[in-house]
Amino acid sequence: MGSNHKKHKQNHKQPLFFSEFAQKSTGLLTKGYYRGQIFSFTTHKDELDLTSTIASNGRHTTAGVVGAYPYKNATFRVGVDKDSKIAANFTVSEKFLSGTKTTASLSFPEYKSSKLKFQCLQEYVALAMSVSLNQHPAIKFSAAVGSSSVALGMEAEFMTASRCFSKCSAGINMKGLNCNASIILENKGDLLNASYVHYLDPEKRNAAVVQFTQELSTKRNTLTVGGSCAVDSHTAVKARLDDRGRLRTNLQYNFRPKSCLSISGEFNTKAVDRSPKIGLELALDLWKTF
């Protein structure tokens, strides 16, 4: 259930937003590794997209329906889950200034999670700001300067209720023709996160990734390696292994546009007596339903 709004076209003079630093490595190491079962199908009528989802992890089951409707440079999105909770999202791109995007997210009855977001992408600078819409809002601000090749960035979150900064991060992102690397200091400088992705083909469908994290106050380290391989134009395989011995694999088969079957597995190599965990995800896009 991805966003339908158009993404900004980035050129070599525009850096990534700070939230996108290390996004490639994080996606390769986390996306698609699901432990439960999730089924979703999308239907279309004119410009309206309806996506229904049912997910279960063995203990809890969730279900919901999301409708998205684009109009010119705006997108309206409304979702409701099985507990009758409603979430509404309104996105406007480049409405007031070139290179800007404004998003308003409203939730009912849990209105405290409602947010107003603003992004601005210009040459050599990328700015983002979000404010939670409640009595004591949290204000998050991030800035990145540089180009698409090298960018420096920072992010901070200020809690108006306690009048203090709850988060503060800074980092650098570097991008080459066939690689992407980042180093980020998170948790007010206590957590070091370094990652590197190397692409093995021009289409970037085959890649190797490594991620290292260290909690500076406790000297606890985590090392994770992984990779992805395109078997053919419809099938892709991913795997990751961390220093705790947890091996995760994922097989994804795209049998039609925007429709895929994904099977995941998790096995602890240091506890061979435990049963492996299996995940299944089926996403169907039904074009001719109305």
# chains A, B, ... in the order shown; residues from 1 in each chain; ligands from 1
call {"tool": "residues_around", "arguments": {"residues": "Cys120 in chain A", "least_positions_apart": "6", "cutoff": "6 Å", "atoms": "only C-alpha atoms", "output": "PDB file with N, CA, C and O atoms, in the first residue's frame"}}
result
ATOM      1  N   GLY A  99       9.287  22.443  -5.878  1.00  0.00           N
ATOM      2  CA  GLY A  99      10.100  21.514  -5.105  1.00  0.00           C
ATOM      3  C   GLY A  99       9.610  21.262  -3.710  1.00  0.00           C
ATOM      4  O   GLY A  99      10.337  20.702  -2.894  1.00  0.00           O
ATOM      5  N   THR A 100       8.389  21.645  -3.384  1.00  0.00           N
ATOM      6  CA  THR A 100       7.856  21.451  -2.040  1.00  0.00           C
ATOM      7  C   THR A 100       6.756  20.404  -2.036  1.00  0.00           C
ATOM      8  O   THR A 100       6.114  20.144  -3.048  1.00  0.00           O
ATOM      9  N   ALA A 126      18.093  20.017   1.172  1.00  0.00           N
ATOM     10  CA  ALA A 126      16.838  19.283   1.360  1.00  0.00           C
ATOM     11  C   ALA A 126      16.386  19.491   2.799  1.00  0.00           C
ATOM     12  O   ALA A 126      17.110  19.155   3.742  1.00  0.00           O
ATOM     13  N   LEU A 127      15.209  20.078   2.965  1.00  0.00           N
ATOM     14  CA  LEU A 127      14.679  20.389   4.285  1.00  0.00           C
ATOM     15  C   LEU A 127      13.384  19.629   4.532  1.00  0.00           C
ATOM     16  O   LEU A 127      12.597  19.421   3.605  1.00  0.00           O
TER      17      LEU A 127
END
call {"tool": "residues_around", "arguments": {"residues": "range 222-224 of chain A", "least_positions_apart": "6", "cutoff": "6 Å", "atoms": "only C-alpha atoms", "output": "list in words"}}
result
Val210, Gln211, Phe212, Thr213, Leu241, Asp242 and Asp243 of chain A
call {"tool": "write_last_selection", "arguments": {"atoms": "all heavy atoms", "output": "PDB file, in the first residue's frame"}}
result
ATOM      1  N   VAL A 210      26.377  -4.536   3.740  1.00  0.00           N
ATOM      2  CA  VAL A 210      26.895  -4.787   5.079  1.00  0.00           C
ATOM      3  C   VAL A 210      26.510  -3.607   5.956  1.00  0.00           C
ATOM      4  O   VAL A 210      26.552  -2.451   5.529  1.00  0.00           O
ATOM      5  CB  VAL A 210      28.428  -4.994   5.068  1.00  0.00           C
ATOM      6  CG1 VAL A 210      29.139  -3.796   4.470  1.00  0.00           C
ATOM      7  CG2 VAL A 210      28.941  -5.293   6.473  1.00  0.00           C
ATOM      8  N   GLN A 211      26.130  -3.904   7.201  1.00  0.00           N
ATOM      9  CA  GLN A 211      25.729  -2.865   8.150  1.00  0.00           C
ATOM     10  C   GLN A 211      26.376  -3.147   9.502  1.00  0.00           C
ATOM     11  O   GLN A 211      26.313  -4.272  10.001  1.00  0.00           O
ATOM     12  CB  GLN A 211      24.215  -2.808   8.296  1.00  0.00           C
ATOM     13  CG  GLN A 211      23.716  -1.697   9.221  1.00  0.00           C
ATOM     14  CD  GLN A 211      22.208  -1.727   9.383  1.00  0.00           C
ATOM     15  OE1 GLN A 211      21.652  -2.677   9.930  1.00  0.00           O
ATOM     16  NE2 GLN A 211      21.531  -0.695   8.911  1.00  0.00           N
ATOM     17  N   PHE A 212      26.971  -2.110  10.073  1.00  0.00           N
ATOM     18  CA  PHE A 212      27.626  -2.231  11.380  1.00  0.00           C
ATOM     19  C   PHE A 212      27.059  -1.162  12.306  1.00  0.00           C
ATOM     20  O   PHE A 212      26.971   0.017  11.944  1.00  0.00           O
ATOM     21  CB  PHE A 212      29.142  -2.048  11.244  1.00  0.00           C
ATOM     22  CG  PHE A 212      29.862  -1.977  12.564  1.00  0.00           C
ATOM     23  CD1 PHE A 212      30.143  -3.139  13.262  1.00  0.00           C
ATOM     24  CD2 PHE A 212      30.243  -0.761  13.103  1.00  0.00           C
ATOM     25  CE1 PHE A 212      30.799  -3.082  14.482  1.00  0.00           C
ATOM     26  CE2 PHE A 212      30.902  -0.688  14.316  1.00  0.00           C
ATOM     27  CZ  PHE A 212      31.180  -1.862  15.012  1.00  0.00           C
ATOM     28  N   THR A 213      26.657  -1.563  13.498  1.00  0.00           N
ATOM     29  CA  THR A 213      26.174  -0.620  14.503  1.00  0.00           C
ATOM     30  C   THR A 213      26.935  -0.847  15.805  1.00  0.00           C
ATOM     31  O   THR A 213      27.298  -1.980  16.134  1.00  0.00           O
ATOM     32  CB  THR A 213      24.667  -0.775  14.772  1.00  0.00           C
ATOM     33  OG1 THR A 213      24.407  -2.078  15.306  1.00  0.00           O
ATOM     34  CG2 THR A 213      23.865  -0.584  13.490  1.00  0.00           C
ATOM     35  N   LEU A 241      22.247 -12.276   7.211  1.00  0.00           N
ATOM     36  CA  LEU A 241      22.772 -13.019   8.356  1.00  0.00           C
ATOM     37  C   LEU A 241      23.405 -12.028   9.308  1.00  0.00           C
ATOM     38  O   LEU A 241      24.224 -11.204   8.907  1.00  0.00           O
ATOM     39  CB  LEU A 241      23.801 -14.057   7.898  1.00  0.00           C
ATOM     40  CG  LEU A 241      24.509 -14.854   9.008  1.00  0.00           C
ATOM     41  CD1 LEU A 241      23.524 -15.752   9.733  1.00  0.00           C
ATOM     42  CD2 LEU A 241      25.665 -15.660   8.429  1.00  0.00           C
ATOM     43  N   ASP A 242      23.022 -12.105  10.605  1.00  0.00           N
ATOM     44  CA  ASP A 242      23.627 -11.211  11.585  1.00  0.00           C
ATOM     45  C   ASP A 242      24.565 -11.998  12.496  1.00  0.00           C
ATOM     46  O   ASP A 242      24.652 -13.224  12.432  1.00  0.00           O
ATOM     47  CB  ASP A 242      22.559 -10.460  12.390  1.00  0.00           C
ATOM     48  CG  ASP A 242      21.631 -11.394  13.160  1.00  0.00           C
ATOM     49  OD1 ASP A 242      22.072 -12.495  13.549  1.00  0.00           O
ATOM     50  OD2 ASP A 242      20.461 -11.026  13.379  1.00  0.00           O
ATOM     51  N   ASP A 243      25.284 -11.252  13.352  1.00  0.00           N
ATOM     52  CA  ASP A 243      26.283 -11.893  14.196  1.00  0.00           C
ATOM     53  C   ASP A 243      25.678 -12.702  15.333  1.00  0.00           C
ATOM     54  O   ASP A 243      26.405 -13.370  16.073  1.00  0.00           O
ATOM     55  CB  ASP A 243      27.250 -10.849  14.757  1.00  0.00           C
ATOM     56  CG  ASP A 243      26.533  -9.723  15.495  1.00  0.00           C
ATOM     57  OD1 ASP A 243      25.294  -9.796  15.635  1.00  0.00           O
ATOM     58  OD2 ASP A 243      27.201  -8.759  15.920  1.00  0.00           O
TER      59      ASP A 243
END
call {"tool": "residues_around", "arguments": {"residues": "Leu251 in chain A", "least_positions_apart": "3", "cutoff": "8 Å", "atoms": "only C-alpha atoms", "output": "ChimeraX atom specification"}}
result
/A:235-238,262-264
call {"tool": "atom_distance", "arguments": {"atom1": "CA of Lys82 in chain A", "atom2": "CA of Ala138 in chain A"}}
result
28.3 Å
call {"tool": "residues_around", "arguments": {"residues": "Leu121 in chain A", "least_positions_apart": "6", "cutoff": "9 Å", "atoms": "only C-alpha atoms", "output": "list in words"}}
result
His8, Gln10, Gln14, Pro15, Leu16, Phe17, Ser98, Gly99, Thr100, Lys101, Leu127 and Ala128 of chain A
call {"tool": "closest_residue", "arguments": {"among": "A:Ser162, A:Gln252, A:Gln214, A:Gln119", "to": "Ile184 in chain A", "atoms": "only C-alpha atoms"}}
result
A:Gln214
call {"tool": "atom_distance", "arguments": {"atom1": "CA of Glu110 in chain A", "atom2": "CA of Ile38 in chain A"}}
result
24.4 Å
call {"tool": "residues_around", "arguments": {"residues": "Ile278 in chain A", "least_positions_apart": "6", "cutoff": "12 Å", "atoms": "only C-alpha atoms", "output": "list in words"}}
result
Tyr33, Tyr34, Arg35, Gly36, Gln37, Ile38, Asn57, Gly58, Arg248, Thr249, Asn250, Leu251, Ser262, Ile263, Ser264, Gly265, Glu266 and Phe267 of chain A
call {"tool": "write_last_selection", "arguments": {"atoms": "C-alpha atoms", "output": "PDB file, in the first residue's frame"}}
result
ATOM      1  CA  TYR A  33      11.239 -10.451   5.650  1.00  0.00           C
ATOM      2  CA  TYR A  34       7.800 -11.154   7.110  1.00  0.00           C
ATOM      3  CA  ARG A  35       7.142 -13.787   9.797  1.00  0.00           C
ATOM      4  CA  GLY A  36       3.360 -14.098   9.512  1.00  0.00           C
ATOM      5  CA  GLN A  37       0.844 -14.099   6.714  1.00  0.00           C
ATOM      6  CA  ILE A  38      -0.346 -11.052   4.835  1.00  0.00           C
ATOM      7  CA  ASN A  57       1.366 -13.160  12.919  1.00  0.00           C
ATOM      8  CA  GLY A  58      -0.146 -16.127  14.742  1.00  0.00           C
ATOM      9  CA  ARG A 248      16.658 -14.807   7.002  1.00  0.00           C
ATOM     10  CA  THR A 249      15.756 -15.527   3.404  1.00  0.00           C
ATOM     11  CA  ASN A 250      13.125 -14.209   1.019  1.00  0.00           C
ATOM     12  CA  LEU A 251      11.869 -15.396  -2.352  1.00  0.00           C
ATOM     13  CA  SER A 262       6.681 -13.619  -1.349  1.00  0.00           C
ATOM     14  CA  ILE A 263       7.890 -16.445   0.918  1.00  0.00           C
ATOM     15  CA  SER A 264      10.212 -15.710   3.852  1.00  0.00           C
ATOM     16  CA  GLY A 265      12.073 -17.925   6.263  1.00  0.00           C
ATOM     17  CA  GLU A 266      14.024 -17.337   9.474  1.00  0.00           C
ATOM     18  CA  PHE A 267      16.428 -19.817  11.055  1.00  0.00           C
TER      19      PHE A 267
END
call {"tool": "residues_around", "arguments": {"residues": "Asn180 in chain A", "least_positions_apart": "6", "cutoff": "8 Å", "atoms": "only C-alpha atoms", "output": "number ranges by chain"}}
result
A: 24, 173-174, 196-198
call {"tool": "residues_around", "arguments": {"residues": "Asp190 in chain A", "least_positions_apart": "5", "cutoff": "12 Å", "atoms": "only C-alpha atoms", "output": "list in words"}}
result
Lys167, Cys168, Ser169, Ala170, Ile184, Leu185, Thr213, Gln214, Glu215, Leu216, Ser217, Thr218, Lys219 and Arg220 of chain A
call {"tool": "write_last_selection", "arguments": {"atoms": "all heavy atoms", "output": "mmCIF file, in the first residue's frame"}}
result
data_model
loop_
_atom_site.group_PDB
_atom_site.id
_atom_site.type_symbol
_atom_site.label_atom_id
_atom_site.label_comp_id
_atom_site.auth_asym_id
_atom_site.auth_seq_id
_atom_site.Cartn_x
_atom_site.Cartn_y
_atom_site.Cartn_z
ATOM 1 N N LYS A 167 15.495 13.541 20.368
ATOM 2 C CA LYS A 167 16.321 12.877 19.361
ATOM 3 C C LYS A 167 17.262 13.893 18.735
ATOM 4 O O LYS A 167 16.902 15.055 18.547
ATOM 5 C CB LYS A 167 15.463 12.226 18.270
ATOM 6 C CG LYS A 167 14.565 11.104 18.751
ATOM 7 C CD LYS A 167 13.743 10.541 17.594
ATOM 8 C CE LYS A 167 12.821 9.431 18.072
ATOM 9 N NZ LYS A 167 12.000 8.887 16.944
ATOM 10 N N CYS A 168 18.444 13.430 18.400
ATOM 11 C CA CYS A 168 19.403 14.275 17.693
ATOM 12 C C CYS A 168 20.363 13.359 16.941
ATOM 13 O O CYS A 168 21.024 12.511 17.552
ATOM 14 C CB CYS A 168 20.163 15.166 18.666
ATOM 15 S SG CYS A 168 21.222 16.376 17.849
ATOM 16 N N SER A 169 20.396 13.499 15.626
ATOM 17 C CA SER A 169 21.217 12.624 14.793
ATOM 18 C C SER A 169 21.936 13.453 13.736
ATOM 19 O O SER A 169 21.478 14.538 13.353
ATOM 20 C CB SER A 169 20.354 11.556 14.101
ATOM 21 O OG SER A 169 19.591 10.811 15.031
ATOM 22 N N ALA A 170 23.056 12.937 13.264
ATOM 23 C CA ALA A 170 23.820 13.588 12.206
ATOM 24 C C ALA A 170 24.552 12.515 11.416
ATOM 25 O O ALA A 170 24.877 11.440 11.950
ATOM 26 C CB ALA A 170 24.803 14.601 12.782
ATOM 27 N N ILE A 184 26.051 7.336 10.216
ATOM 28 C CA ILE A 184 25.096 8.146 10.961
ATOM 29 C C ILE A 184 25.319 7.951 12.456
ATOM 30 O O ILE A 184 25.459 6.823 12.932
ATOM 31 C CB ILE A 184 23.648 7.771 10.596
ATOM 32 C CG1 ILE A 184 23.410 7.948 9.098
ATOM 33 C CG2 ILE A 184 22.655 8.616 11.390
ATOM 34 C CD1 ILE A 184 22.034 7.471 8.652
ATOM 35 N N LEU A 185 25.330 9.070 13.189
ATOM 36 C CA LEU A 185 25.355 9.050 14.654
ATOM 37 C C LEU A 185 23.937 9.328 15.139
ATOM 38 O O LEU A 185 23.393 10.406 14.898
ATOM 39 C CB LEU A 185 26.326 10.094 15.197
ATOM 40 C CG LEU A 185 27.792 9.685 15.341
ATOM 41 C CD1 LEU A 185 28.624 10.880 15.775
ATOM 42 C CD2 LEU A 185 27.956 8.528 16.324
ATOM 43 N N THR A 213 26.657 -1.563 13.498
ATOM 44 C CA THR A 213 26.174 -0.620 14.503
ATOM 45 C C THR A 213 26.935 -0.847 15.805
ATOM 46 O O THR A 213 27.298 -1.980 16.134
ATOM 47 C CB THR A 213 24.667 -0.775 14.772
ATOM 48 O OG1 THR A 213 24.407 -2.078 15.306
ATOM 49 C CG2 THR A 213 23.865 -0.584 13.490
ATOM 50 N N GLN A 214 27.148 0.244 16.522
ATOM 51 C CA GLN A 214 27.813 0.162 17.828
ATOM 52 C C GLN A 214 27.179 1.158 18.779
ATOM 53 O O GLN A 214 27.045 2.340 18.461
ATOM 54 C CB GLN A 214 29.309 0.440 17.733
ATOM 55 C CG GLN A 214 30.026 0.282 19.079
ATOM 56 C CD GLN A 214 31.508 0.593 19.015
ATOM 57 O OE1 GLN A 214 31.883 1.713 18.732
ATOM 58 N NE2 GLN A 214 32.348 -0.417 19.275
ATOM 59 N N GLU A 215 26.777 0.665 19.945
ATOM 60 C CA GLU A 215 26.290 1.529 21.010
ATOM 61 C C GLU A 215 27.506 1.977 21.821
ATOM 62 O O GLU A 215 28.120 1.181 22.539
ATOM 63 C CB GLU A 215 25.298 0.769 21.899
ATOM 64 C CG GLU A 215 24.516 1.645 22.838
ATOM 65 C CD GLU A 215 23.424 0.887 23.565
ATOM 66 O OE1 GLU A 215 22.978 -0.153 23.044
ATOM 67 O OE2 GLU A 215 23.034 1.343 24.662
ATOM 68 N N LEU A 216 27.870 3.238 21.664
ATOM 69 C CA LEU A 216 29.142 3.722 22.191
ATOM 70 C C LEU A 216 29.226 3.648 23.707
ATOM 71 O O LEU A 216 30.308 3.419 24.259
ATOM 72 C CB LEU A 216 29.380 5.161 21.717
ATOM 73 C CG LEU A 216 29.395 5.354 20.198
ATOM 74 C CD1 LEU A 216 29.654 6.810 19.849
ATOM 75 C CD2 LEU A 216 30.431 4.447 19.543
ATOM 76 N N SER A 217 28.112 3.816 24.403
ATOM 77 C CA SER A 217 28.145 3.794 25.859
ATOM 78 C C SER A 217 28.371 2.400 26.423
ATOM 79 O O SER A 217 28.961 2.240 27.497
ATOM 80 C CB SER A 217 26.845 4.375 26.420
ATOM 81 O OG SER A 217 25.732 3.610 25.972
ATOM 82 N N THR A 218 27.920 1.382 25.721
ATOM 83 C CA THR A 218 28.057 0.002 26.209
ATOM 84 C C THR A 218 29.024 -0.830 25.371
ATOM 85 O O THR A 218 29.326 -1.968 25.745
ATOM 86 C CB THR A 218 26.687 -0.690 26.211
ATOM 87 O OG1 THR A 218 26.187 -0.743 24.868
ATOM 88 C CG2 THR A 218 25.696 0.066 27.081
ATOM 89 N N LYS A 219 29.490 -0.281 24.241
ATOM 90 C CA LYS A 219 30.410 -0.977 23.322
ATOM 91 C C LYS A 219 29.776 -2.226 22.702
ATOM 92 O O LYS A 219 30.483 -3.138 22.263
ATOM 93 C CB LYS A 219 31.711 -1.362 24.043
ATOM 94 C CG LYS A 219 32.445 -0.198 24.673
ATOM 95 C CD LYS A 219 32.843 0.852 23.646
ATOM 96 C CE LYS A 219 33.606 1.993 24.296
ATOM 97 N NZ LYS A 219 33.987 3.048 23.323
ATOM 98 N N ARG A 220 28.444 -2.276 22.664
ATOM 99 C CA ARG A 220 27.776 -3.408 22.030
ATOM 100 C C ARG A 220 27.739 -3.216 20.523
ATOM 101 O O ARG A 220 27.339 -2.163 20.032
ATOM 102 C CB ARG A 220 26.360 -3.544 22.574
ATOM 103 C CG ARG A 220 26.288 -3.957 24.042
ATOM 104 C CD ARG A 220 24.847 -4.073 24.511
ATOM 105 N NE ARG A 220 24.752 -4.469 25.906
ATOM 106 C CZ ARG A 220 23.611 -4.584 26.584
ATOM 107 N NH1 ARG A 220 22.453 -4.329 25.962
ATOM 108 N NH2 ARG A 220 23.621 -4.944 27.844
#
call {"tool": "select_by_dssp", "arguments": {"residues": "range 1-201 of chain A", "states": "helix (DSSP H, G or I)", "output": "VMD selection string"}}
result
chain A and resid 18 to 20 23 to 30 111 to 113
call {"tool": "atom_distance", "arguments": {"atom1": "CA of Glu186 in chain A", "atom2": "CA of Met129 in chain A"}}
result
17.9 Å
call {"tool": "closest_residue", "arguments": {"among": "A:Leu191, A:Cys179, A:Leu29, A:Leu50", "to": "Leu247 in chain A", "atoms": "only C-alpha atoms"}}
result
A:Leu29
call {"tool": "closest_residue", "arguments": {"among": "A:Lys85, A:Asn221, A:Ala283, A:His12", "to": "Ser52 in chain A", "atoms": "only C-alpha atoms"}}
result
A:Ala283
call {"tool": "closest_residue", "arguments": {"among": "A:Thr269, A:Ser228, A:Ser182, A:Ser56", "to": "Phe18 in chain A", "atoms": "only C-alpha atoms"}}
result
A:Ser182
call {"tool": "decode", "arguments": {"residues": "range 125-154 of chain A", "atoms": "N, CA and C atoms", "output": "PDB file, in the first residue's frame"}}
result
ATOM      1  N   VAL A 125      20.277  21.538  -1.218  1.00  0.00           N
ATOM      2  CA  VAL A 125      19.677  21.534   0.113  1.00  0.00           C
ATOM      3  C   VAL A 125      18.358  20.775   0.097  1.00  0.00           C
ATOM      4  N   ALA A 126      18.093  20.017   1.172  1.00  0.00           N
ATOM      5  CA  ALA A 126      16.838  19.283   1.360  1.00  0.00           C
ATOM      6  C   ALA A 126      16.386  19.491   2.799  1.00  0.00           C
ATOM      7  N   LEU A 127      15.209  20.078   2.965  1.00  0.00           N
ATOM      8  CA  LEU A 127      14.679  20.389   4.285  1.00  0.00           C
ATOM      9  C   LEU A 127      13.384  19.629   4.532  1.00  0.00           C
ATOM     10  N   ALA A 128      13.158  19.220   5.765  1.00  0.00           N
ATOM     11  CA  ALA A 128      11.915  18.529   6.135  1.00  0.00           C
ATOM     12  C   ALA A 128      11.536  18.921   7.552  1.00  0.00           C
ATOM     13  N   MET A 129      10.233  19.024   7.777  1.00  0.00           N
ATOM     14  CA  MET A 129       9.736  19.393   9.094  1.00  0.00           C
ATOM     15  C   MET A 129       8.392  18.734   9.326  1.00  0.00           C
ATOM     16  N   SER A 130       8.144  18.261  10.533  1.00  0.00           N
ATOM     17  CA  SER A 130       6.861  17.666  10.882  1.00  0.00           C
ATOM     18  C   SER A 130       6.456  18.120  12.275  1.00  0.00           C
ATOM     19  N   VAL A 131       5.153  18.315  12.457  1.00  0.00           N
ATOM     20  CA  VAL A 131       4.599  18.741  13.733  1.00  0.00           C
ATOM     21  C   VAL A 131       3.404  17.864  14.052  1.00  0.00           C
ATOM     22  N   SER A 132       3.404  17.234  15.213  1.00  0.00           N
ATOM     23  CA  SER A 132       2.257  16.430  15.621  1.00  0.00           C
ATOM     24  C   SER A 132       1.125  17.358  16.052  1.00  0.00           C
ATOM     25  N   LEU A 133      -0.089  17.000  15.670  1.00  0.00           N
ATOM     26  CA  LEU A 133      -1.242  17.856  15.917  1.00  0.00           C
ATOM     27  C   LEU A 133      -1.943  17.443  17.203  1.00  0.00           C
ATOM     28  N   ASN A 134      -1.376  17.834  18.331  1.00  0.00           N
ATOM     29  CA  ASN A 134      -1.994  17.571  19.629  1.00  0.00           C
ATOM     30  C   ASN A 134      -1.660  18.704  20.586  1.00  0.00           C
ATOM     31  N   GLN A 135      -2.069  18.564  21.840  1.00  0.00           N
ATOM     32  CA  GLN A 135      -1.906  19.643  22.804  1.00  0.00           C
ATOM     33  C   GLN A 135      -0.446  19.959  23.093  1.00  0.00           C
ATOM     34  N   HIS A 136       0.403  18.935  23.110  1.00  0.00           N
ATOM     35  CA  HIS A 136       1.834  19.121  23.334  1.00  0.00           C
ATOM     36  C   HIS A 136       2.588  18.521  22.154  1.00  0.00           C
ATOM     37  N   PRO A 137       2.694  19.249  21.061  1.00  0.00           N
ATOM     38  CA  PRO A 137       3.252  18.678  19.822  1.00  0.00           C
ATOM     39  C   PRO A 137       4.745  18.394  19.918  1.00  0.00           C
ATOM     40  N   ALA A 138       5.132  17.375  19.166  1.00  0.00           N
ATOM     41  CA  ALA A 138       6.547  17.087  18.956  1.00  0.00           C
ATOM     42  C   ALA A 138       6.933  17.686  17.611  1.00  0.00           C
ATOM     43  N   ILE A 139       8.029  18.425  17.592  1.00  0.00           N
ATOM     44  CA  ILE A 139       8.479  19.100  16.380  1.00  0.00           C
ATOM     45  C   ILE A 139       9.766  18.447  15.906  1.00  0.00           C
ATOM     46  N   LYS A 140       9.743  17.929  14.695  1.00  0.00           N
ATOM     47  CA  LYS A 140      10.923  17.282  14.121  1.00  0.00           C
ATOM     48  C   LYS A 140      11.407  18.085  12.918  1.00  0.00           C
ATOM     49  N   PHE A 141      12.714  18.301  12.874  1.00  0.00           N
ATOM     50  CA  PHE A 141      13.300  19.072  11.778  1.00  0.00           C
ATOM     51  C   PHE A 141      14.547  18.358  11.287  1.00  0.00           C
ATOM     52  N   SER A 142      14.740  18.344   9.973  1.00  0.00           N
ATOM     53  CA  SER A 142      15.944  17.754   9.394  1.00  0.00           C
ATOM     54  C   SER A 142      16.416  18.606   8.229  1.00  0.00           C
ATOM     55  N   ALA A 143      17.716  18.577   7.997  1.00  0.00           N
ATOM     56  CA  ALA A 143      18.314  19.329   6.902  1.00  0.00           C
ATOM     57  C   ALA A 143      19.482  18.540   6.336  1.00  0.00           C
ATOM     58  N   ALA A 144      19.638  18.610   5.022  1.00  0.00           N
ATOM     59  CA  ALA A 144      20.761  17.971   4.342  1.00  0.00           C
ATOM     60  C   ALA A 144      21.302  18.941   3.305  1.00  0.00           C
ATOM     61  N   VAL A 145      22.614  19.043   3.228  1.00  0.00           N
ATOM     62  CA  VAL A 145      23.263  19.921   2.257  1.00  0.00           C
ATOM     63  C   VAL A 145      24.290  19.103   1.487  1.00  0.00           C
ATOM     64  N   GLY A 146      24.460  19.453   0.201  1.00  0.00           N
ATOM     65  CA  GLY A 146      25.397  18.739  -0.644  1.00  0.00           C
ATOM     66  C   GLY A 146      24.798  18.455  -1.994  1.00  0.00           C
ATOM     67  N   SER A 147      25.159  17.336  -2.554  1.00  0.00           N
ATOM     68  CA  SER A 147      24.671  16.916  -3.862  1.00  0.00           C
ATOM     69  C   SER A 147      24.206  15.477  -3.765  1.00  0.00           C
ATOM     70  N   SER A 148      23.845  14.900  -4.915  1.00  0.00           N
ATOM     71  CA  SER A 148      23.432  13.498  -4.909  1.00  0.00           C
ATOM     72  C   SER A 148      24.613  12.571  -4.651  1.00  0.00           C
ATOM     73  N   SER A 149      25.840  13.062  -4.823  1.00  0.00           N
ATOM     74  CA  SER A 149      27.034  12.237  -4.612  1.00  0.00           C
ATOM     75  C   SER A 149      27.473  12.235  -3.152  1.00  0.00           C
ATOM     76  N   VAL A 150      27.516  13.411  -2.540  1.00  0.00           N
ATOM     77  CA  VAL A 150      27.938  13.527  -1.142  1.00  0.00           C
ATOM     78  C   VAL A 150      27.014  14.523  -0.447  1.00  0.00           C
ATOM     79  N   ALA A 151      26.485  14.142   0.704  1.00  0.00           N
ATOM     80  CA  ALA A 151      25.593  15.024   1.451  1.00  0.00           C
ATOM     81  C   ALA A 151      25.821  14.862   2.944  1.00  0.00           C
ATOM     82  N   LEU A 152      25.755  15.971   3.661  1.00  0.00           N
ATOM     83  CA  LEU A 152      25.804  15.995   5.116  1.00  0.00           C
ATOM     84  C   LEU A 152      24.423  16.367   5.638  1.00  0.00           C
ATOM     85  N   GLY A 153      24.011  15.736   6.736  1.00  0.00           N
ATOM     86  CA  GLY A 153      22.674  16.013   7.227  1.00  0.00           C
ATOM     87  C   GLY A 153      22.557  15.873   8.727  1.00  0.00           C
ATOM     88  N   MET A 154      21.457  16.407   9.267  1.00  0.00           N
ATOM     89  CA  MET A 154      21.162  16.293  10.695  1.00  0.00           C
ATOM     90  C   MET A 154      19.651  16.266  10.882  1.00  0.00           C
TER      91      MET A 154
END
